[in-house]
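Colleague: Have a peek at final13.txt (compact mmCIF, C-alpha atoms).
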# COMPACT_ATOMS: atom_id res chain seq x y z
CA MET A 1 -227.41 41.52 -76.35
CA THR A 2 -228.49 39.19 -73.68
CA ALA A 3 -226.05 37.31 -71.48
CA THR A 4 -225.84 33.64 -72.25
CA THR A 5 -225.24 31.00 -69.65
CA ILE A 6 -222.76 28.30 -70.46
CA PRO A 7 -224.15 24.89 -69.58
CA LYS A 8 -222.40 23.38 -66.60
CA GLY A 9 -221.26 20.33 -68.52
CA LYS A 10 -219.68 22.39 -71.33
CA ARG A 11 -217.49 24.77 -69.23
CA THR A 12 -213.81 24.93 -70.20
CA ALA A 13 -210.78 25.94 -68.12
CA ALA A 14 -211.09 29.47 -69.50
CA THR A 15 -214.69 29.81 -68.36
CA LEU A 16 -214.23 28.43 -64.84
CA PRO A 17 -214.51 30.97 -61.98
CA PRO A 18 -211.16 32.04 -60.46
CA ASP A 19 -209.83 29.86 -57.71
CA GLU A 20 -210.47 31.45 -54.33
CA GLU A 21 -207.04 30.58 -53.01
CA LYS A 22 -205.31 32.18 -55.99
CA LEU A 23 -207.54 35.24 -55.74
CA LYS A 24 -206.76 35.53 -52.04
CA TYR A 25 -203.03 35.23 -52.79
CA PHE A 26 -202.91 37.86 -55.53
CA THR A 27 -205.04 40.36 -53.59
CA ALA A 28 -203.21 39.94 -50.26
CA ARG A 29 -200.98 42.60 -48.77
CA GLN A 30 -197.25 42.13 -48.47
CA TRP A 31 -197.38 41.48 -44.70
CA GLN A 32 -200.03 38.79 -45.23
CA LEU A 33 -197.86 37.06 -47.81
CA VAL A 34 -194.88 37.19 -45.46
CA TRP A 35 -196.90 35.70 -42.61
CA TRP A 36 -198.39 32.90 -44.76
CA ARG A 37 -194.95 31.87 -45.87
CA PHE A 38 -193.34 32.29 -42.45
CA ARG A 39 -195.86 30.07 -40.65
CA ARG A 40 -194.81 27.16 -42.86
CA ASN A 41 -191.25 27.46 -41.57
CA ARG A 42 -191.03 25.20 -38.51
CA LEU A 43 -187.64 26.44 -37.36
CA GLY A 44 -188.84 30.01 -37.67
CA LEU A 45 -191.88 29.25 -35.52
CA LEU A 46 -189.64 27.45 -33.03
CA GLY A 47 -187.40 30.50 -32.80
CA ALA A 48 -190.44 32.74 -32.30
CA GLY A 49 -191.69 30.44 -29.53
CA ILE A 50 -188.32 30.53 -27.75
CA LEU A 51 -188.25 34.31 -27.87
CA ILE A 52 -191.81 34.55 -26.55
CA ILE A 53 -190.69 32.55 -23.50
CA TYR A 54 -187.72 34.87 -23.04
CA ILE A 55 -189.98 37.91 -23.27
CA PHE A 56 -192.25 36.42 -20.60
CA VAL A 57 -189.22 35.87 -18.34
CA LEU A 58 -188.02 39.40 -19.07
CA ILE A 59 -191.32 40.97 -18.00
CA PHE A 60 -192.15 38.75 -15.01
CA ALA A 61 -188.69 37.89 -13.67
CA GLU A 62 -189.62 38.83 -10.09
CA PHE A 63 -192.69 36.59 -10.18
CA LEU A 64 -190.97 33.60 -11.80
CA ALA A 65 -187.80 33.73 -9.69
CA PRO A 66 -188.12 32.10 -6.26
CA TYR A 67 -185.73 34.64 -4.69
CA GLY A 68 -184.25 38.04 -5.35
CA GLY A 69 -181.13 38.47 -7.40
CA THR A 70 -179.05 39.34 -4.32
CA THR A 71 -180.76 37.15 -1.72
CA LEU A 72 -178.21 35.12 0.26
CA ASP A 73 -178.68 31.63 1.66
CA SER A 74 -175.90 31.14 4.19
CA GLU A 75 -177.01 27.56 4.80
CA TYR A 76 -176.45 26.53 1.18
CA VAL A 77 -173.27 28.18 -0.11
CA LEU A 78 -171.95 26.84 -3.43
CA GLY A 79 -174.58 24.11 -3.23
CA PRO A 80 -175.37 21.78 -6.14
CA PRO A 81 -178.72 21.91 -7.96
CA GLN A 82 -181.67 20.35 -6.14
CA VAL A 83 -183.40 18.06 -8.62
CA ALA A 84 -187.21 18.08 -8.57
CA ARG A 85 -188.58 14.55 -8.76
CA PHE A 86 -191.81 12.59 -8.43
CA TRP A 87 -190.53 9.34 -6.94
CA ASP A 88 -187.66 7.85 -4.96
CA GLU A 89 -187.05 4.75 -2.91
CA ASN A 90 -189.91 5.76 -0.60
CA GLY A 91 -192.49 5.68 -3.39
CA PHE A 92 -194.31 7.87 -5.91
CA SER A 93 -195.70 11.35 -5.28
CA LEU A 94 -198.19 13.29 -7.39
CA ARG A 95 -196.54 16.54 -6.27
CA PRO A 96 -192.92 17.24 -7.25
CA PHE A 97 -190.49 17.47 -4.37
CA VAL A 98 -186.84 18.09 -3.55
CA TYR A 99 -184.78 16.74 -0.70
CA SER A 100 -184.00 18.77 2.38
CA VAL A 101 -180.55 20.29 2.81
CA THR A 102 -178.35 20.27 5.89
CA THR A 103 -174.91 21.78 6.44
CA GLU A 104 -171.92 20.08 8.02
CA ARG A 105 -168.52 21.51 8.86
CA ASP A 106 -165.56 20.05 7.00
CA PRO A 107 -163.11 18.67 9.63
CA VAL A 108 -160.09 19.74 7.56
CA THR A 109 -161.00 23.15 6.08
CA LEU A 110 -163.67 23.98 8.73
CA ALA A 111 -165.89 25.23 5.91
CA MET A 112 -169.64 24.65 6.02
CA ILE A 113 -170.52 22.07 3.38
CA PRO A 114 -174.16 21.60 2.26
CA THR A 115 -175.34 18.01 2.09
CA ILE A 116 -178.57 16.50 0.77
CA ASP A 117 -180.81 14.77 3.32
CA ASN A 118 -182.64 12.04 1.39
CA SER A 119 -184.89 11.25 4.33
CA LYS A 120 -186.84 14.52 4.18
CA ARG A 121 -188.96 15.73 1.30
CA ARG A 122 -189.78 19.36 0.57
CA TYR A 123 -192.86 19.54 -1.68
CA LEU A 124 -193.11 22.21 -4.35
CA GLN A 125 -195.97 24.65 -4.08
CA PHE A 126 -197.13 26.99 -6.82
CA PHE A 127 -198.24 30.59 -6.46
CA VAL A 128 -196.80 30.98 -2.99
CA ARG A 129 -196.52 34.20 -1.01
CA THR A 130 -193.12 34.91 0.49
CA LYS A 131 -190.86 37.97 0.52
CA GLU A 132 -192.33 41.13 -0.99
CA TYR A 133 -190.78 42.66 -4.11
CA LYS A 134 -191.49 45.37 -6.68
CA TYR A 135 -191.54 44.72 -10.40
CA TRP A 136 -188.71 46.07 -12.56
CA ASN A 137 -186.17 46.75 -9.81
CA GLY A 138 -188.58 48.49 -7.49
CA ASN A 139 -190.02 50.87 -10.06
CA LEU A 140 -193.50 49.35 -10.45
CA ILE A 141 -196.20 47.68 -8.36
CA ALA A 142 -195.35 45.67 -5.26
CA SER A 143 -196.28 42.03 -4.72
CA ASP A 144 -195.27 39.00 -2.67
CA LEU A 145 -196.55 36.30 -5.06
CA HIS A 146 -193.98 33.90 -6.54
CA PHE A 147 -194.58 31.22 -9.14
CA PHE A 148 -193.22 28.38 -7.01
CA GLY A 149 -191.56 27.59 -3.70
CA VAL A 150 -191.41 24.88 -1.05
CA ASP A 151 -193.50 24.26 2.00
CA GLU A 152 -190.46 24.52 4.29
CA GLY A 153 -186.82 25.50 3.84
CA THR A 154 -185.34 26.69 0.54
CA ILE A 155 -185.16 25.44 -3.03
CA HIS A 156 -182.33 25.98 -5.52
CA LEU A 157 -183.05 24.12 -8.77
CA PHE A 158 -179.87 25.48 -10.41
CA GLY A 159 -177.77 25.50 -7.21
CA THR A 160 -176.09 28.49 -5.59
CA ASP A 161 -172.89 30.47 -6.10
CA SER A 162 -170.02 31.18 -3.72
CA LEU A 163 -172.14 33.67 -1.74
CA GLY A 164 -175.24 31.47 -1.52
CA ARG A 165 -177.24 33.32 -4.20
CA ASP A 166 -179.76 31.32 -6.20
CA ILE A 167 -178.50 30.71 -9.76
CA LEU A 168 -181.99 30.28 -11.24
CA SER A 169 -183.19 33.61 -9.86
CA ARG A 170 -180.05 35.43 -10.97
CA THR A 171 -180.29 33.89 -14.44
CA MET A 172 -183.84 35.23 -14.83
CA TYR A 173 -182.78 38.71 -13.77
CA ALA A 174 -179.76 38.45 -16.09
CA THR A 175 -182.10 37.56 -18.97
CA ARG A 176 -183.90 40.86 -18.49
CA THR A 177 -180.66 42.86 -18.39
CA SER A 178 -179.00 41.23 -21.39
CA LEU A 179 -182.10 41.25 -23.60
CA THR A 180 -183.07 44.85 -22.82
CA LEU A 181 -179.49 45.93 -23.46
CA GLY A 182 -179.60 44.10 -26.79
CA VAL A 183 -182.95 45.69 -27.72
CA VAL A 184 -181.82 49.23 -26.88
CA GLY A 185 -178.46 48.72 -28.58
CA VAL A 186 -180.08 47.38 -31.75
CA LEU A 187 -182.59 50.26 -31.83
CA ILE A 188 -179.77 52.80 -31.54
CA ALA A 189 -177.80 51.05 -34.28
CA PHE A 190 -180.97 50.83 -36.40
CA VAL A 191 -181.74 54.55 -36.19
CA ILE A 192 -178.16 55.58 -36.95
CA GLY A 193 -177.82 53.02 -39.75
CA LEU A 194 -181.14 54.09 -41.25
CA VAL A 195 -180.18 57.77 -41.31
CA MET A 196 -176.57 57.34 -42.45
CA GLY A 197 -177.36 54.62 -45.01
CA GLY A 198 -180.32 56.60 -46.34
CA MET A 199 -178.24 59.73 -46.81
CA ALA A 200 -175.39 57.85 -48.47
CA GLY A 201 -177.61 55.89 -50.83
CA TYR A 202 -179.96 58.68 -51.85
CA LEU A 203 -177.77 61.77 -51.91
CA GLY A 204 -174.55 60.12 -53.12
CA GLY A 205 -171.58 62.29 -54.07
CA GLN A 206 -169.53 63.83 -51.27
CA VAL A 207 -172.04 62.74 -48.62
CA ASP A 208 -171.72 59.11 -49.70
CA PHE A 209 -167.93 59.41 -49.82
CA PHE A 210 -167.71 60.83 -46.30
CA ILE A 211 -170.07 58.24 -44.79
CA GLN A 212 -168.26 55.34 -46.45
CA ARG A 213 -164.90 56.55 -45.15
CA LEU A 214 -166.40 56.89 -41.66
CA ILE A 215 -167.71 53.32 -41.83
CA GLU A 216 -164.33 52.03 -42.96
CA LEU A 217 -162.64 53.89 -40.10
CA ILE A 218 -164.95 52.39 -37.49
CA ARG A 219 -164.65 48.87 -38.91
CA SER A 220 -160.86 49.07 -39.15
CA VAL A 221 -160.40 49.49 -35.39
CA PRO A 222 -160.00 46.11 -33.60
CA ASP A 223 -162.88 45.42 -31.24
CA ILE A 224 -161.01 44.23 -28.15
CA PRO A 225 -158.51 47.15 -27.89
CA LEU A 226 -161.34 49.58 -28.58
CA PHE A 227 -163.54 48.15 -25.84
CA MET A 228 -160.60 47.98 -23.45
CA GLY A 229 -160.00 51.68 -23.96
CA LEU A 230 -163.67 52.54 -23.58
CA ALA A 231 -164.01 50.38 -20.45
CA ALA A 232 -160.94 52.02 -18.92
CA ALA A 233 -162.49 55.43 -19.63
CA LEU A 234 -165.59 54.62 -17.54
CA PRO A 235 -165.04 55.90 -13.97
CA LYS A 236 -165.06 53.19 -11.32
CA GLU A 237 -167.30 55.25 -9.05
CA TRP A 238 -170.15 55.37 -11.55
CA PRO A 239 -173.39 53.69 -10.39
CA PRO A 240 -174.46 50.47 -12.16
CA GLU A 241 -177.31 52.22 -13.99
CA LYS A 242 -174.93 54.70 -15.58
CA VAL A 243 -172.48 51.98 -16.61
CA TYR A 244 -175.37 50.00 -18.12
CA LEU A 245 -176.47 53.05 -20.11
CA MET A 246 -172.97 53.77 -21.40
CA ILE A 247 -172.33 50.16 -22.46
CA THR A 248 -175.65 50.19 -24.32
CA LEU A 249 -174.77 53.43 -26.10
CA ILE A 250 -171.30 52.16 -27.00
CA LEU A 251 -172.65 48.94 -28.51
CA GLY A 252 -175.28 50.88 -30.43
CA PHE A 253 -172.94 53.55 -31.77
CA LEU A 254 -170.44 50.95 -32.99
CA GLY A 255 -172.96 48.53 -34.50
CA TRP A 256 -174.68 50.60 -37.19
CA THR A 257 -172.15 50.19 -40.00
CA THR A 258 -173.39 46.90 -41.50
CA LEU A 259 -177.04 47.99 -41.60
CA ALA A 260 -176.05 51.37 -43.10
CA ARG A 261 -174.20 49.70 -45.96
CA ARG A 262 -177.13 47.42 -46.75
CA ILE A 263 -179.60 50.30 -46.77
CA ARG A 264 -177.22 52.31 -48.96
CA GLY A 265 -177.02 49.49 -51.51
CA LYS A 266 -180.80 49.15 -51.64
CA LEU A 267 -181.35 52.88 -52.09
CA LEU A 268 -178.72 53.07 -54.82
CA SER A 269 -180.71 50.50 -56.80
CA LEU A 270 -184.04 52.28 -56.19
CA ARG A 271 -183.27 55.96 -56.63
CA LYS A 272 -183.55 55.75 -60.43
CA GLU A 273 -186.94 54.04 -60.38
CA ASP A 274 -189.83 55.81 -62.11
CA TYR A 275 -191.89 56.35 -58.97
CA VAL A 276 -188.91 57.97 -57.20
CA ILE A 277 -188.28 60.32 -60.12
CA ALA A 278 -192.00 61.13 -60.21
CA ALA A 279 -191.91 62.00 -56.49
CA GLN A 280 -188.94 64.28 -57.10
CA LEU A 281 -190.69 66.05 -59.97
CA ALA A 282 -193.76 66.48 -57.76
CA GLY A 283 -191.63 68.49 -55.33
CA GLY A 284 -191.28 65.94 -52.54
CA SER A 285 -188.52 66.54 -50.01
CA ASN A 286 -185.61 64.13 -49.74
CA ALA A 287 -186.70 62.93 -46.32
CA ARG A 288 -190.26 62.27 -47.52
CA ILE A 289 -189.12 60.43 -50.65
CA ILE A 290 -186.84 58.17 -48.62
CA ALA A 291 -189.32 57.52 -45.82
CA ARG A 292 -192.56 57.23 -47.81
CA HIS A 293 -191.47 55.81 -51.16
CA MET A 294 -188.10 54.05 -50.96
CA LEU A 295 -187.80 52.44 -47.52
CA PRO A 296 -191.20 50.65 -47.70
CA ALA A 297 -189.92 48.86 -50.82
CA PHE A 298 -187.58 46.77 -48.68
CA THR A 299 -188.99 47.12 -45.15
CA SER A 300 -189.15 43.34 -44.74
CA TYR A 301 -185.41 43.05 -45.42
CA ILE A 302 -184.67 45.75 -42.85
CA ILE A 303 -186.66 43.81 -40.25
CA VAL A 304 -184.73 40.66 -41.09
CA ASP A 305 -181.44 42.51 -40.66
CA ILE A 306 -182.53 43.81 -37.28
CA VAL A 307 -183.58 40.36 -36.04
CA VAL A 308 -180.37 38.76 -37.29
CA TYR A 309 -178.31 41.48 -35.58
CA PHE A 310 -179.77 40.77 -32.12
CA PRO A 311 -177.55 37.70 -31.41
CA TYR A 312 -174.40 39.68 -32.20
CA MET A 313 -175.40 42.42 -29.78
CA ILE A 314 -176.21 39.92 -27.02
CA LEU A 315 -173.00 37.99 -27.56
CA ALA A 316 -171.01 41.24 -27.56
CA GLU A 317 -172.38 42.22 -24.15
CA THR A 318 -171.87 38.72 -22.78
CA ALA A 319 -168.28 38.51 -24.03
CA LEU A 320 -167.36 41.98 -22.78
CA SER A 321 -168.83 41.38 -19.33
CA PHE A 322 -167.19 37.95 -19.20
CA VAL A 323 -163.70 39.44 -19.69
CA GLY A 324 -164.44 42.33 -17.33
CA LEU A 325 -164.85 45.08 -19.95
CA GLY A 326 -168.64 45.36 -19.89
CA LEU A 327 -171.17 45.44 -17.08
CA ARG A 328 -169.93 45.06 -13.53
CA PRO A 329 -171.55 43.71 -10.34
CA PRO A 330 -174.00 44.40 -8.74
CA VAL A 331 -175.57 44.50 -12.23
CA ILE A 332 -176.79 41.01 -13.11
CA SER A 333 -176.32 39.94 -16.73
CA TRP A 334 -175.37 36.73 -18.51
CA GLY A 335 -171.81 37.98 -18.92
CA VAL A 336 -171.53 38.95 -15.24
CA LEU A 337 -172.77 35.51 -14.17
CA LEU A 338 -170.23 33.77 -16.40
CA GLN A 339 -167.48 36.07 -15.17
CA GLY A 340 -168.00 34.64 -11.69
CA ALA A 341 -167.44 31.13 -13.08
CA GLN A 342 -164.07 31.72 -14.76
CA ASN A 343 -161.90 29.98 -12.18
CA ILE A 344 -160.61 26.49 -11.46
CA GLN A 345 -162.91 26.10 -8.46
CA ALA A 346 -165.99 26.55 -10.63
CA ILE A 347 -164.77 24.14 -13.30
CA GLU A 348 -163.87 21.41 -10.81
CA LEU A 349 -166.28 21.84 -7.92
CA ALA A 350 -169.23 23.88 -9.21
CA PRO A 351 -169.93 23.22 -12.90
CA TRP A 352 -173.55 24.36 -12.37
CA LEU A 353 -172.26 27.96 -12.43
CA PHE A 354 -172.09 27.55 -16.22
CA ILE A 355 -175.85 26.92 -16.50
CA PRO A 356 -176.45 30.51 -17.78
CA VAL A 357 -174.55 29.50 -20.92
CA ILE A 358 -177.58 27.39 -21.89
CA PHE A 359 -179.79 30.49 -21.78
CA VAL A 360 -177.34 32.39 -23.98
CA VAL A 361 -177.23 29.55 -26.51
CA PHE A 362 -181.01 29.25 -26.74
CA ALA A 363 -181.41 33.01 -27.10
CA VAL A 364 -178.94 33.07 -29.99
CA LEU A 365 -180.64 30.06 -31.60
CA GLY A 366 -184.06 31.67 -31.18
CA PHE A 367 -182.99 34.87 -32.92
CA THR A 368 -181.13 32.91 -35.60
CA PHE A 369 -184.10 30.64 -36.40
CA LEU A 370 -186.48 33.60 -36.43
CA GLY A 371 -184.15 35.62 -38.65
CA ASP A 372 -183.73 32.75 -41.11
CA GLY A 373 -187.49 32.24 -41.25
CA LEU A 374 -188.14 35.92 -41.87
CA ARG A 375 -185.42 36.00 -44.51
CA ASP A 376 -187.10 33.15 -46.40
CA ALA A 377 -190.52 34.78 -46.06
CA ALA A 378 -189.41 38.33 -46.87
CA ASP A 379 -189.83 37.78 -50.61
CA PRO A 380 -193.03 35.71 -50.97
CA TYR A 381 -192.91 35.83 -54.79
CA ASN A 382 -189.75 33.72 -55.05
Would you mind giving the structure from this file in structure tokens?

Modeller:
Amino acid sequence: MTATTIPKGKRTAATLPPDEEKLKYFTARQWQLVWWRFRRNRLGLLGAGILIIYIFVLIFAEFLAPYGGTTLDSEYVLGPPQVARFWDENGFSLRPFVYSVTTERDPVTLAMIPTIDNSKRRYLQFFVRTKEYKYWNGNLIASDLHFFGVDEGTIHLFGTDSLGRDILSRTMYATRTSLTLGVVGVLIAFVIGLVMGGMAGYLGGQVDFFIQRLIELIRSVPDIPLFMGLAAALPKEWPPEKVYLMITLILGFLGWTTLARRIRGKLLSLRKEDYVIAAQLAGGSNARIIARHMLPAFTSYIIVDIVVYFPYMILAETALSFVGLGLRPPVISWGVLLQGAQNIQAIELAPWLFIPVIFVVFAVLGFTFLGDGLRDAADPYN
């Protein structure tokens, strides 16, 4: 037989070539489908953009911050934020500037009070070289390049605290501490939840019974008394690095229960599938069947759970440090910064000490938006 060509004018819907978009959709991998659906979610993209900014701050905090986290400015103690502007009563300027600062002694309390001198401008300069530092708390390369500064004097866009430390610089260093603690804590919780949930869901029986009772025991203990006891158990003479490590481990070891239950439920619904039974008959080990055959079936949902869990871990560290049960100075975290603002003086005289709250809120919103977007995109066939 010879192939016949259907005239172009007589083609029907059945004889038309397949649509390229549909062919691309049905032949795409799961991750491609997730990405195509996620990029249509504007809030999800917004959350991803916020987190990219936070990651940039986390990596380059020393470069972006005008001063070190413990640098003192005795001439500007508990000073208000210096607002960068382009014009004032003296005219317009193409370069942003702040006003100069002078200190005067209060005739009643004899305290040095910073005052703004509107007659003198201090122009912002970018990529300035000032005090030398080393990236990541002195563990990496040294440099003296900062993103911005002023031609003369000092600049404090977020103001200073009661010791004259720059709030903007400390907030950037706190971003690194709080986010890295959240990442490490979530990874610890993820590994434990993956192992415990996988064992409970796949093996069942006595193993499942024991793990479920352990989860119920952990979840039945109130959080605040538990953290108070754990914080009291940490020796006061421990260095900040050791306290940081222990708080991270505590948050991770106590945060795996929710993820473990979700993984257990998924495995319970999958362990009777034909491909799982076929892998068992082929002699596959339990670990291989779980890791290579069952977990990939809902990997996207696991990623969503991890992303959604980040805000809870960050808020837990912030709340614990705020009430004095978490990290302690000289460690700089969002909770430690807010702990220094929990007094009447800060509320009445220095409300700018609460500026780090804005960073906490945007971090939580970023993770929430990203998690919601991934949740919607995790099942592209819906």

Colleague: Check the smallest atom-to-atom distance from each of A:Arg122, A:Lys131, A:Arg42, A:Arg105 to Val83 (chain A) using all atoms listed in the file, then report the winner.

Modeller: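 With all atoms listed in the file as the atom set, the closest residue is A:Arg122.
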
Colleague: One decimal, Å: what's the distance from CA of His156 (chain A) over to CA of Trp87 (chain A), could you say?

Modeller: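 Interatomic distance, CA of His156 (chain A) to CA of Trp87 (chain A): 18.6 Å.
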
Colleague: Grab all the atoms of region 230-237 of chain A that the file lists, wrap them in a box along x, y and z, add 3 Å per side, and give me centre plus edge lengths in Å (one decimal) as lines of an AutoDock Vina configuration file.

Modeller:
center_x = -164.1
center_y = 53.1
center_z = -16.3
size_x = 12.4
size_y = 11.5
size_z = 20.5

Colleague: Identify which of the residues A:Ala363, A:Val183, A:Asp376, A:Lys236 lies closest to Ile52 (chain A), counting only C-alpha atoms when measuring atom-to-atom distances.

Modeller: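 Between A:Ala363, A:Val183, A:Asp376, A:Lys236, the residue approaching Ile52 (chain A) most closely is A:Ala363.
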
Colleague: Which of these, A:Thr299, A:Leu325, A:Ile215, A:Ser162, has the shortest distance to Leu230 (chain A) once you count all atoms listed in the file?

Modeller: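 Once distances to Leu230 (chain A) are computed over all atoms listed in the file, the minimum belongs to A:Leu325.
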
Colleague: Which is closer to Leu349 (chain A) than all the others in A:Leu295, A:Val184, A:Leu78, A:Leu370, using all atoms listed in the file?

Modeller: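 The shortest atom-to-atom distance to Leu349 (chain A) comes from A:Leu78.
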
Colleague: Taking 2 positions as the minimum chain separation for residues in the same chain, which residues sit within 12 Å of Phe362 (chain A) when counting all atoms listed in the file? Answer as a ChimeraX atom specification.

Modeller: /A:46-51,53-54,175,311,314-315,355-360,364-370

Colleague: Could you add the missing atoms to region 224-248 of chain A, up to N, CA and C atoms, and return them as a compact mmCIF listing (two decimals), in the frame of the given file?

Modeller:
# COMPACT_ATOMS: atom_id res chain seq x y z
N ILE A 224 -161.47 44.40 -29.53
CA ILE A 224 -161.01 44.23 -28.15
C ILE A 224 -160.22 45.45 -27.66
N PRO A 225 -159.19 45.94 -28.38
CA PRO A 225 -158.51 47.15 -27.89
C PRO A 225 -159.45 48.35 -27.75
N LEU A 226 -160.40 48.46 -28.67
CA LEU A 226 -161.34 49.58 -28.58
C LEU A 226 -162.18 49.49 -27.32
N PHE A 227 -162.72 48.31 -27.04
CA PHE A 227 -163.54 48.15 -25.84
C PHE A 227 -162.71 48.26 -24.57
N MET A 228 -161.46 47.82 -24.62
CA MET A 228 -160.60 47.98 -23.45
C MET A 228 -160.39 49.46 -23.14
N GLY A 229 -160.17 50.25 -24.18
CA GLY A 229 -160.00 51.68 -23.96
C GLY A 229 -161.27 52.34 -23.45
N LEU A 230 -162.41 51.96 -24.02
CA LEU A 230 -163.67 52.54 -23.58
C LEU A 230 -164.01 52.13 -22.15
N ALA A 231 -163.73 50.85 -21.81
CA ALA A 231 -164.01 50.38 -20.45
C ALA A 231 -163.10 51.09 -19.44
N ALA A 232 -161.85 51.32 -19.82
CA ALA A 232 -160.94 52.02 -18.92
C ALA A 232 -161.35 53.48 -18.73
N ALA A 233 -162.05 54.04 -19.72
CA ALA A 233 -162.49 55.43 -19.63
C ALA A 233 -163.70 55.61 -18.72
N LEU A 234 -164.42 54.52 -18.42
CA LEU A 234 -165.59 54.62 -17.54
C LEU A 234 -165.12 54.72 -16.10
N PRO A 235 -165.48 55.76 -15.37
CA PRO A 235 -165.04 55.90 -13.97
C PRO A 235 -165.55 54.75 -13.10
N LYS A 236 -164.70 54.30 -12.20
CA LYS A 236 -165.06 53.19 -11.32
C LYS A 236 -166.18 53.56 -10.36
N GLU A 237 -166.31 54.85 -10.03
CA GLU A 237 -167.30 55.25 -9.05
C GLU A 237 -168.69 55.44 -9.65
N TRP A 238 -168.83 55.23 -10.95
CA TRP A 238 -170.15 55.37 -11.55
C TRP A 238 -171.13 54.33 -11.02
N PRO A 239 -172.40 54.68 -10.83
CA PRO A 239 -173.39 53.69 -10.39
C PRO A 239 -173.67 52.68 -11.50
N PRO A 240 -174.20 51.52 -11.14
CA PRO A 240 -174.46 50.47 -12.16
C PRO A 240 -175.38 50.94 -13.28
N GLU A 241 -176.39 51.77 -12.95
CA GLU A 241 -177.31 52.22 -13.99
C GLU A 241 -176.60 53.05 -15.05
N LYS A 242 -175.65 53.87 -14.63
CA LYS A 242 -174.93 54.70 -15.58
C LYS A 242 -173.99 53.88 -16.45
N VAL A 243 -173.34 52.88 -15.84
CA VAL A 243 -172.48 51.98 -16.61
C VAL A 243 -173.31 51.21 -17.63
N TYR A 244 -174.47 50.73 -17.21
CA TYR A 244 -175.37 50.00 -18.12
C TYR A 244 -175.75 50.87 -19.31
N LEU A 245 -176.09 52.14 -19.04
CA LEU A 245 -176.47 53.05 -20.11
C LEU A 245 -175.31 53.29 -21.07
N MET A 246 -174.13 53.48 -20.54
CA MET A 246 -172.97 53.77 -21.40
C MET A 246 -172.60 52.56 -22.25
N ILE A 247 -172.64 51.36 -21.68
CA ILE A 247 -172.33 50.16 -22.46
C ILE A 247 -173.35 49.99 -23.59
N THR A 248 -174.62 50.28 -23.28
CA THR A 248 -175.65 50.19 -24.32
C THR A 248 -175.38 51.19 -25.44
